[in-house]
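Chemist: PDB, C-alpha atoms, pLDDT in the B column, saved as input08.pdb, coming up:
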```
ATOM      1  CA  MET A   1       7.575  18.004  40.236  1.00 91.00           C
ATOM      2  CA  ILE A   2       9.033  16.008  37.340  1.00 94.00           C
ATOM      3  CA  ASN A   3      11.568  13.482  38.612  1.00 96.00           C
ATOM      4  CA  ILE A   4      14.088  12.353  36.019  1.00 96.00           C
ATOM      5  CA  ILE A   5      16.742   9.657  35.726  1.00 96.00           C
ATOM      6  CA  LEU A   6      19.480  10.496  33.197  1.00 96.00           C
ATOM      7  CA  ALA A   7      21.029   7.584  31.299  1.00 96.00           C
ATOM      8  CA  ASP A   8      24.041   8.271  29.079  1.00 94.00           C
ATOM      9  CA  ASP A   9      27.450   6.624  28.939  1.00 92.00           C
ATOM     10  CA  HIS A  10      29.183  10.008  28.592  1.00 92.00           C
ATOM     11  CA  HIS A  11      29.685  11.655  31.974  1.00 92.00           C
ATOM     12  CA  ILE A  12      30.068  15.144  30.516  1.00 91.00           C
ATOM     13  CA  ILE A  13      26.702  14.871  28.735  1.00 90.00           C
ATOM     14  CA  ARG A  14      24.951  13.722  31.893  1.00 92.00           C
ATOM     15  CA  THR A  15      26.504  16.582  33.842  1.00 91.00           C
ATOM     16  CA  SER A  16      25.512  19.130  31.194  1.00 91.00           C
ATOM     17  CA  LEU A  17      21.963  17.815  30.948  1.00 91.00           C
ATOM     18  CA  LYS A  18      21.540  17.838  34.703  1.00 92.00           C
ATOM     19  CA  ALA A  19      22.717  21.441  34.942  1.00 91.00           C
ATOM     20  CA  LEU A  20      20.441  22.445  32.081  1.00 91.00           C
ATOM     21  CA  ILE A  21      17.351  20.691  33.412  1.00 90.00           C
ATOM     22  CA  GLU A  22      17.655  21.674  37.051  1.00 88.00           C
ATOM     23  CA  LYS A  23      17.744  25.371  36.164  1.00 89.00           C
ATOM     24  CA  HIS A  24      14.019  25.072  35.733  1.00 90.00           C
ATOM     25  CA  GLU A  25      11.644  24.961  38.650  1.00 88.00           C
ATOM     26  CA  GLY A  26       9.639  21.797  39.004  1.00 91.00           C
ATOM     27  CA  ILE A  27      12.209  19.469  37.403  1.00 93.00           C
ATOM     28  CA  ASN A  28      14.559  17.320  39.445  1.00 92.00           C
ATOM     29  CA  VAL A  29      17.250  14.813  38.431  1.00 95.00           C
ATOM     30  CA  VAL A  30      17.016  11.986  40.983  1.00 95.00           C
ATOM     31  CA  ALA A  31      19.874   9.945  39.491  1.00 95.00           C
ATOM     32  CA  GLU A  32      22.309   9.762  36.589  1.00 94.00           C
ATOM     33  CA  VAL A  33      23.686   6.464  35.292  1.00 96.00           C
ATOM     34  CA  PRO A  34      25.850   5.224  32.368  1.00 94.00           C
ATOM     35  CA  ASP A  35      23.509   2.604  30.850  1.00 93.00           C
ATOM     36  CA  GLY A  36      20.050   1.084  30.735  1.00 94.00           C
ATOM     37  CA  LEU A  37      20.824  -1.779  33.069  1.00 95.00           C
ATOM     38  CA  ALA A  38      21.734   0.688  35.809  1.00 96.00           C
ATOM     39  CA  VAL A  39      18.354   2.370  35.278  1.00 96.00           C
ATOM     40  CA  LEU A  40      16.558  -0.934  35.838  1.00 96.00           C
ATOM     41  CA  GLU A  41      18.600  -1.569  38.981  1.00 95.00           C
ATOM     42  CA  LEU A  42      17.482   1.794  40.363  1.00 96.00           C
ATOM     43  CA  LEU A  43      13.838   1.105  39.562  1.00 95.00           C
ATOM     44  CA  GLU A  44      14.062  -2.326  41.183  1.00 94.00           C
ATOM     45  CA  LYS A  45      15.424  -0.673  44.324  1.00 93.00           C
ATOM     46  CA  GLY A  46      12.350   1.524  44.460  1.00 93.00           C
ATOM     47  CA  ILE A  47      13.778   4.776  43.087  1.00 93.00           C
ATOM     48  CA  LYS A  48      10.814   6.779  41.814  1.00 92.00           C
ATOM     49  CA  ALA A  49      11.111   8.557  38.465  1.00 95.00           C
ATOM     50  CA  ASP A  50       8.528  10.039  36.133  1.00 96.00           C
ATOM     51  CA  ILE A  51      10.806  10.150  33.101  1.00 97.00           C
ATOM     52  CA  ILE A  52      13.916   8.280  31.998  1.00 97.00           C
ATOM     53  CA  LEU A  53      15.893  10.600  29.714  1.00 96.00           C
ATOM     54  CA  SER A  54      18.080   8.114  27.881  1.00 95.00           C
ATOM     55  CA  ASP A  55      20.659   7.941  25.126  1.00 93.00           C
ATOM     56  CA  ILE A  56      20.018   5.286  22.491  1.00 91.00           C
ATOM     57  CA  VAL A  57      23.539   3.805  22.195  1.00 89.00           C
ATOM     58  CA  MET A  58      24.835   2.613  25.573  1.00 92.00           C
ATOM     59  CA  PRO A  59      26.774  -0.421  26.864  1.00 90.00           C
ATOM     60  CA  ARG A  60      25.009  -3.382  28.546  1.00 89.00           C
ATOM     61  CA  LEU A  61      21.485  -2.144  27.703  1.00 93.00           C
ATOM     62  CA  ASP A  62      20.704   0.482  25.055  1.00 93.00           C
ATOM     63  CA  GLY A  63      17.866   2.992  25.062  1.00 92.00           C
ATOM     64  CA  ILE A  64      15.508   0.997  22.853  1.00 93.00           C
ATOM     65  CA  ALA A  65      15.976  -2.202  24.881  1.00 94.00           C
ATOM     66  CA  LEU A  66      15.482  -0.147  28.031  1.00 95.00           C
ATOM     67  CA  ALA A  67      12.156   1.227  26.751  1.00 95.00           C
ATOM     68  CA  SER A  68      11.026  -2.268  25.826  1.00 95.00           C
ATOM     69  CA  THR A  69      11.958  -3.685  29.234  1.00 96.00           C
ATOM     70  CA  ILE A  70      10.268  -0.871  31.163  1.00 95.00           C
ATOM     71  CA  LYS A  71       7.120  -1.425  29.109  1.00 94.00           C
ATOM     72  CA  ALA A  72       7.225  -5.201  29.673  1.00 94.00           C
ATOM     73  CA  ARG A  73       7.724  -4.816  33.425  1.00 94.00           C
ATOM     74  CA  LYS A  74       4.943  -2.210  33.593  1.00 93.00           C
ATOM     75  CA  TYR A  75       6.999   0.477  35.309  1.00 94.00           C
ATOM     76  CA  THR A  76       5.259   3.844  35.313  1.00 93.00           C
ATOM     77  CA  ALA A  77       8.384   5.746  34.244  1.00 95.00           C
ATOM     78  CA  LYS A  78       8.212   7.059  30.692  1.00 96.00           C
ATOM     79  CA  VAL A  79      11.266   6.787  28.437  1.00 96.00           C
ATOM     80  CA  VAL A  80      12.355   9.811  26.435  1.00 96.00           C
ATOM     81  CA  VAL A  81      15.153   8.969  24.014  1.00 94.00           C
ATOM     82  CA  LEU A  82      17.686  11.729  23.418  1.00 90.00           C
ATOM     83  CA  SER A  83      20.082  10.652  20.684  1.00 86.00           C
ATOM     84  CA  ILE A  84      22.664  11.899  18.222  1.00 84.00           C
ATOM     85  CA  LEU A  85      21.176   9.401  15.729  1.00 77.00           C
ATOM     86  CA  ASP A  86      18.917  11.775  13.819  1.00 73.00           C
ATOM     87  CA  ASP A  87      17.215   9.021  11.819  1.00 74.00           C
ATOM     88  CA  GLU A  88      13.527   8.166  11.592  1.00 79.00           C
ATOM     89  CA  LYS A  89      14.364   4.437  11.611  1.00 83.00           C
ATOM     90  CA  TYR A  90      15.674   4.670  15.162  1.00 86.00           C
ATOM     91  CA  ALA A  91      12.773   6.886  16.184  1.00 89.00           C
ATOM     92  CA  SER A  92      10.310   4.337  14.838  1.00 89.00           C
ATOM     93  CA  ASN A  93      12.035   1.500  16.694  1.00 90.00           C
ATOM     94  CA  ALA A  94      12.016   3.549  19.890  1.00 92.00           C
ATOM     95  CA  PHE A  95       8.272   4.243  19.727  1.00 93.00           C
ATOM     96  CA  VAL A  96       7.438   0.626  18.888  1.00 93.00           C
ATOM     97  CA  SER A  97       9.524  -0.440  21.897  1.00 94.00           C
ATOM     98  CA  GLY A  98       7.522   1.781  24.218  1.00 95.00           C
ATOM     99  CA  ALA A  99       9.354   5.124  24.298  1.00 95.00           C
ATOM    100  CA  PHE A 100       7.165   8.194  24.717  1.00 96.00           C
ATOM    101  CA  ALA A 101       9.454  10.589  22.853  1.00 95.00           C
ATOM    102  CA  TYR A 102      12.436  10.700  20.534  1.00 93.00           C
ATOM    103  CA  LEU A 103      14.647  13.776  20.443  1.00 92.00           C
ATOM    104  CA  SER A 104      17.829  14.581  18.575  1.00 86.00           C
ATOM    105  CA  LYS A 105      20.645  16.009  20.695  1.00 83.00           C
ATOM    106  CA  ASP A 106      20.767  19.243  18.709  1.00 82.00           C
ATOM    107  CA  ILE A 107      17.317  20.370  19.898  1.00 86.00           C
ATOM    108  CA  GLU A 108      16.861  23.692  21.630  1.00 89.00           C
ATOM    109  CA  GLU A 109      16.353  23.911  25.385  1.00 90.00           C
ATOM    110  CA  ASP A 110      12.771  25.132  24.975  1.00 91.00           C
ATOM    111  CA  GLU A 111      11.829  22.094  22.902  1.00 92.00           C
ATOM    112  CA  LEU A 112      13.337  19.716  25.452  1.00 93.00           C
ATOM    113  CA  LEU A 113      11.315  21.308  28.250  1.00 92.00           C
ATOM    114  CA  PHE A 114       8.159  21.283  26.137  1.00 93.00           C
ATOM    115  CA  CYS A 115       8.698  17.586  25.405  1.00 94.00           C
ATOM    116  CA  LEU A 116       9.152  16.675  29.073  1.00 94.00           C
ATOM    117  CA  LYS A 117       5.935  18.449  30.054  1.00 93.00           C
ATOM    118  CA  HIS A 118       4.118  16.931  27.082  1.00 94.00           C
ATOM    119  CA  VAL A 119       5.214  13.414  28.030  1.00 96.00           C
ATOM    120  CA  MET A 120       4.134  13.984  31.629  1.00 95.00           C
ATOM    121  CA  LYS A 121       0.590  14.339  30.263  1.00 93.00           C
ATOM    122  CA  GLY A 122       0.891  10.848  28.797  1.00 93.00           C
ATOM    123  CA  LYS A 123       1.417  12.094  25.235  1.00 95.00           C
ATOM    124  CA  ARG A 124       4.094  11.159  22.706  1.00 95.00           C
ATOM    125  CA  TYR A 125       6.512  13.535  21.039  1.00 93.00           C
ATOM    126  CA  LEU A 126       8.899  13.509  18.082  1.00 92.00           C
ATOM    127  CA  SER A 127      11.458  16.279  17.682  1.00 89.00           C
ATOM    128  CA  SER A 128      10.479  18.954  15.173  1.00 85.00           C
ATOM    129  CA  ASN A 129      13.479  18.501  12.877  1.00 82.00           C
ATOM    130  CA  LEU A 130      12.659  14.802  12.451  1.00 84.00           C
ATOM    131  CA  CYS A 131       8.998  15.629  11.804  1.00 83.00           C
ATOM    132  CA  ILE A 132      10.017  18.012   9.016  1.00 82.00           C
ATOM    133  CA  SER A 133      12.397  15.411   7.567  1.00 78.00           C
ATOM    134  CA  ILE A 134       9.655  12.759   7.503  1.00 79.00           C
ATOM    135  CA  LEU A 135       7.155  15.153   5.889  1.00 79.00           C
ATOM    136  CA  GLU A 136       9.687  16.170   3.232  1.00 79.00           C
ATOM    137  CA  ARG A 137      10.450  12.518   2.427  1.00 76.00           C
ATOM    138  CA  PHE A 138       6.734  11.662   2.339  1.00 75.00           C
ATOM    139  CA  ASN A 139       6.042  14.566  -0.010  1.00 76.00           C
ATOM    140  CA  MET A 140       8.903  13.478  -2.267  1.00 75.00           C
ATOM    141  CA  GLN A 141       7.532   9.920  -2.390  1.00 73.00           C
ATOM    142  CA  LEU A 142       4.061  11.225  -3.256  1.00 72.00           C
ATOM    143  CA  ASN A 143       5.532  13.250  -6.116  1.00 71.00           C
ATOM    144  CA  ILE A 144       7.465  10.230  -7.383  1.00 66.00           C
ATOM    145  CA  LEU A 145       4.335   8.068  -7.161  1.00 67.00           C
ATOM    146  CA  SER A 146       2.309  10.715  -8.962  1.00 65.00           C
ATOM    147  CA  ARG A 147       4.850  10.902 -11.794  1.00 62.00           C
ATOM    148  CA  LYS A 148       4.958   7.114 -11.958  1.00 58.00           C
ATOM    149  CA  LEU A 149       1.174   6.893 -12.229  1.00 58.00           C
ATOM    150  CA  ASN A 150       1.193   9.537 -14.931  1.00 56.00           C
ATOM    151  CA  THR A 151       3.577   7.525 -17.061  1.00 51.00           C
ATOM    152  CA  GLU A 152       1.915   4.170 -16.426  1.00 61.00           C
ATOM    153  CA  ILE A 153      -1.749   5.080 -17.028  1.00 74.00           C
ATOM    154  CA  ASN A 154      -2.559   5.506 -20.700  1.00 78.00           C
ATOM    155  CA  PHE A 155      -6.083   6.815 -21.128  1.00 82.00           C
ATOM    156  CA  THR A 156      -7.917   6.489 -24.419  1.00 85.00           C
ATOM    157  CA  GLU A 157      -9.446   9.583 -25.989  1.00 86.00           C
ATOM    158  CA  ARG A 158     -12.922   8.394 -24.945  1.00 87.00           C
ATOM    159  CA  GLU A 159     -11.748   7.846 -21.341  1.00 88.00           C
ATOM    160  CA  ILE A 160     -10.318  11.362 -21.191  1.00 87.00           C
ATOM    161  CA  ASN A 161     -13.556  12.818 -22.559  1.00 89.00           C
ATOM    162  CA  VAL A 162     -15.652  10.896 -20.023  1.00 90.00           C
ATOM    163  CA  LEU A 163     -13.232  11.833 -17.239  1.00 89.00           C
ATOM    164  CA  LYS A 164     -13.525  15.536 -18.033  1.00 90.00           C
ATOM    165  CA  LEU A 165     -17.311  15.394 -18.051  1.00 91.00           C
ATOM    166  CA  ILE A 166     -17.357  13.488 -14.748  1.00 90.00           C
ATOM    167  CA  ALA A 167     -15.162  16.243 -13.313  1.00 89.00           C
ATOM    168  CA  ASP A 168     -17.706  18.788 -14.603  1.00 90.00           C
ATOM    169  CA  GLY A 169     -20.337  17.048 -12.485  1.00 89.00           C
ATOM    170  CA  LEU A 170     -22.421  15.593 -15.287  1.00 90.00           C
ATOM    171  CA  THR A 171     -24.584  12.516 -14.663  1.00 91.00           C
ATOM    172  CA  ASN A 172     -24.170   9.305 -16.636  1.00 91.00           C
ATOM    173  CA  GLN A 173     -27.186  10.177 -18.800  1.00 92.00           C
ATOM    174  CA  GLU A 174     -25.900  13.702 -19.477  1.00 91.00           C
ATOM    175  CA  ILE A 175     -22.494  12.328 -20.457  1.00 90.00           C
ATOM    176  CA  ALA A 176     -24.145   9.735 -22.687  1.00 88.00           C
ATOM    177  CA  ASP A 177     -26.205  12.432 -24.472  1.00 90.00           C
ATOM    178  CA  LYS A 178     -23.170  14.659 -24.942  1.00 88.00           C
ATOM    179  CA  LEU A 179     -20.901  11.923 -26.327  1.00 88.00           C
ATOM    180  CA  TYR A 180     -23.628  10.040 -28.225  1.00 88.00           C
ATOM    181  CA  LEU A 181     -23.150   6.923 -26.142  1.00 87.00           C
ATOM    182  CA  SER A 182     -25.546   4.683 -24.274  1.00 89.00           C
ATOM    183  CA  ARG A 183     -25.994   5.237 -20.564  1.00 89.00           C
ATOM    184  CA  ARG A 184     -24.810   1.667 -19.922  1.00 90.00           C
ATOM    185  CA  THR A 185     -21.575   2.393 -21.837  1.00 89.00           C
ATOM    186  CA  VAL A 186     -20.925   5.489 -19.737  1.00 89.00           C
ATOM    187  CA  GLU A 187     -21.603   3.574 -16.519  1.00 90.00           C
ATOM    188  CA  SER A 188     -19.113   0.894 -17.607  1.00 89.00           C
ATOM    189  CA  GLN A 189     -16.609   3.589 -18.585  1.00 89.00           C
ATOM    190  CA  ARG A 190     -16.910   5.277 -15.178  1.00 89.00           C
ATOM    191  CA  GLU A 191     -16.351   1.959 -13.370  1.00 90.00           C
ATOM    192  CA  ALA A 192     -13.383   1.183 -15.622  1.00 88.00           C
ATOM    193  CA  LEU A 193     -11.799   4.570 -14.863  1.00 89.00           C
ATOM    194  CA  ILE A 194     -12.192   4.033 -11.110  1.00 89.00           C
ATOM    195  CA  SER A 195     -10.598   0.590 -11.435  1.00 87.00           C
ATOM    196  CA  LYS A 196      -7.804   1.824 -13.716  1.00 85.00           C
ATOM    197  CA  THR A 197      -6.781   4.649 -11.393  1.00 84.00           C
ATOM    198  CA  GLY A 198      -7.132   2.644  -8.190  1.00 84.00           C
ATOM    199  CA  THR A 199      -9.570   5.181  -6.740  1.00 87.00           C
ATOM    200  CA  LYS A 200     -12.631   4.334  -4.642  1.00 88.00           C
ATOM    201  CA  ASN A 201     -15.456   6.355  -6.144  1.00 91.00           C
ATOM    202  CA  SER A 202     -16.263   9.195  -8.537  1.00 89.00           C
ATOM    203  CA  ALA A 203     -15.204  11.887  -6.054  1.00 89.00           C
ATOM    204  CA  SER A 204     -11.763  10.357  -5.506  1.00 89.00           C
ATOM    205  CA  LEU A 205     -11.493   9.768  -9.275  1.00 88.00           C
ATOM    206  CA  VAL A 206     -11.999  13.490  -9.889  1.00 89.00           C
ATOM    207  CA  ARG A 207      -9.434  14.383  -7.204  1.00 88.00           C
ATOM    208  CA  PHE A 208      -6.957  11.995  -8.829  1.00 86.00           C
ATOM    209  CA  ALA A 209      -7.574  13.505 -12.257  1.00 85.00           C
ATOM    210  CA  MET A 210      -7.133  17.072 -11.010  1.00 86.00           C
ATOM    211  CA  ARG A 211      -4.056  16.249  -8.926  1.00 82.00           C
ATOM    212  CA  ASN A 212      -2.367  14.583 -11.891  1.00 78.00           C
ATOM    213  CA  GLY A 213      -3.291  17.179 -14.467  1.00 79.00           C
ATOM    214  CA  TYR A 214      -5.808  15.193 -16.520  1.00 81.00           C
ATOM    215  CA  VAL A 215      -8.503  17.825 -15.943  1.00 81.00           C
ATOM    216  CA  ASP A 216      -8.363  21.453 -14.884  1.00 75.00           C
TER     217      ASP A 216
END
```
I need this file expressed as structure tokens, please.
Modeler:
Amino acid sequence: MINIILADDHHIIRTSLKALIEKHEGINVVAEVPDGLAVLELLEKGIKADIILSDIVMPRLDGIALASTIKARKYTAKVVVLSILDDEKYASNAFVSGAFAYLSKDIEEDELLFCLKHVMKGKRYLSSNLCISILERFNMQLNILSRKLNTEINFTEREINVLKLIADGLTNQEIADKLYLSRRTVESQREALISKTGTKNSASLVRFAMRNGYVD
């Protein structure tokens, strides 16, 4: 049985959530309250709950402060934040404060139930729409960074030639023979390329070059 305390300052939302949750066997709402302080009062009285399903914006004590306090007082109840604030900044703050999950209020019923069961196993959960949003933003930032690196790094003709031969898997001696350079010069050129691109080794240098279109 999953015992839940609902915390939301809107009575109609608490009522709707309770009706939704209690349709499912094995889930029970033990109390519903309008703010985080009321949750703490219940816990201090000995009310047992596995999960606190809480809004983030509430009077007296909000959801993030509630998660932080429950963590500090070492209560076993796990906070799941359910909020209309569909923003990764709030989700990040919630997790840092000790919340086990962050859900936006437009999630489907199946995802809410999955999250509750997931949290009961001691695992954390972030709603799928926020995950997609974060991945899209991360991908966009990578593309911007890639374009920025492309415009900022100006390779000489010799560097490009050495880079292409490194990507072909040639050794320093083989590159030296092919470009009529000394082995020491090629070794210095390889180290300079790694330093210039901010990569760690020859393998990551080649990945960088391929990702940014310097070699095929």
Chemist: If we count only C-alpha atoms and set the cut-off at 12 Å, which residues sit around segment 101-116 of chain A, ignoring sequence neighbours fewer than 4 positions away in its own chain? Please answer as a ChimeraX atom specification.
Modeler: /A:1-4,8,13,16-17,19-28,50-56,63-64,67,78-97,120-131
Chemist: Rounded to one decimal in Å, what is the spacing between atom CA of Ile134 of chain A and atom CA of Asp35 of chain A?
Modeler: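 That distance, rounded to one decimal, is 29.0 Å.
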Chemist: Please, what distance in Å, to one decimal, runs between atom CA of Gln189 of chain A and atom CA of Leu142 of chain A?
Modeler: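 Atom CA of Leu142 of chain A lies at a distance of 26.8 Å from atom CA of Gln189 of chain A.
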Chemist: One number please: atom CA of Phe155 of chain A to atom CA of Gln141 of chain A, in Å, one decimal.
Modeler: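 Separating atom CA of Phe155 of chain A from atom CA of Gln141 of chain A is a distance of 23.4 Å.
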Chemist: Extract, using only C-alpha atoms, all DNA, RNA and protein residues at most 12 Å from Tyr75 of chain A, discarding same-chain residues fewer than 2 positions from it, and format them as a ChimeraX atom specification.
Modeler: /A:39-40,42-44,46-52,66-73,77-79,98
Chemist: How would you write, as number ranges by chain, the residues chosen by the PyMOL selection byres ((chain A and resi 194) around 12) on this structure?
Modeler: A: 159, 162-163, 166, 187-193, 195-209
Chemist: Identify, on the basis of all atoms listed in the file, every residue whose closest approach to Thr15 of chain A does not exceed 12 Å; exclude the query and any residue fewer than 6 positions from it along the same chain; express the result as a VMD selection string.
Modeler: chain A and resid 6 to 9 21 to 22 29 31 to 34
Chemist: Of the residues A:Val119, A:Ile175, A:Ile153, A:Ile5, which is the one nearest to Asn212 of chain A, using only C-alpha atoms?
Modeler: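 Answer, going by the shortest atom-to-atom distance: A:Ile153.
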Chemist: Mind working out the centre and edge lengths of an axis-aligned box for segment 84-95 of chain A, all listed atoms inside, 3 Å added to each side, rounded to one decimal in Å and written as lines of an AutoDock Vina configuration file?
Modeler:
```
center_x = 15.5
center_y = 6.7
center_z = 15.7
size_x = 20.4
size_y = 16.4
size_z = 14.3
```
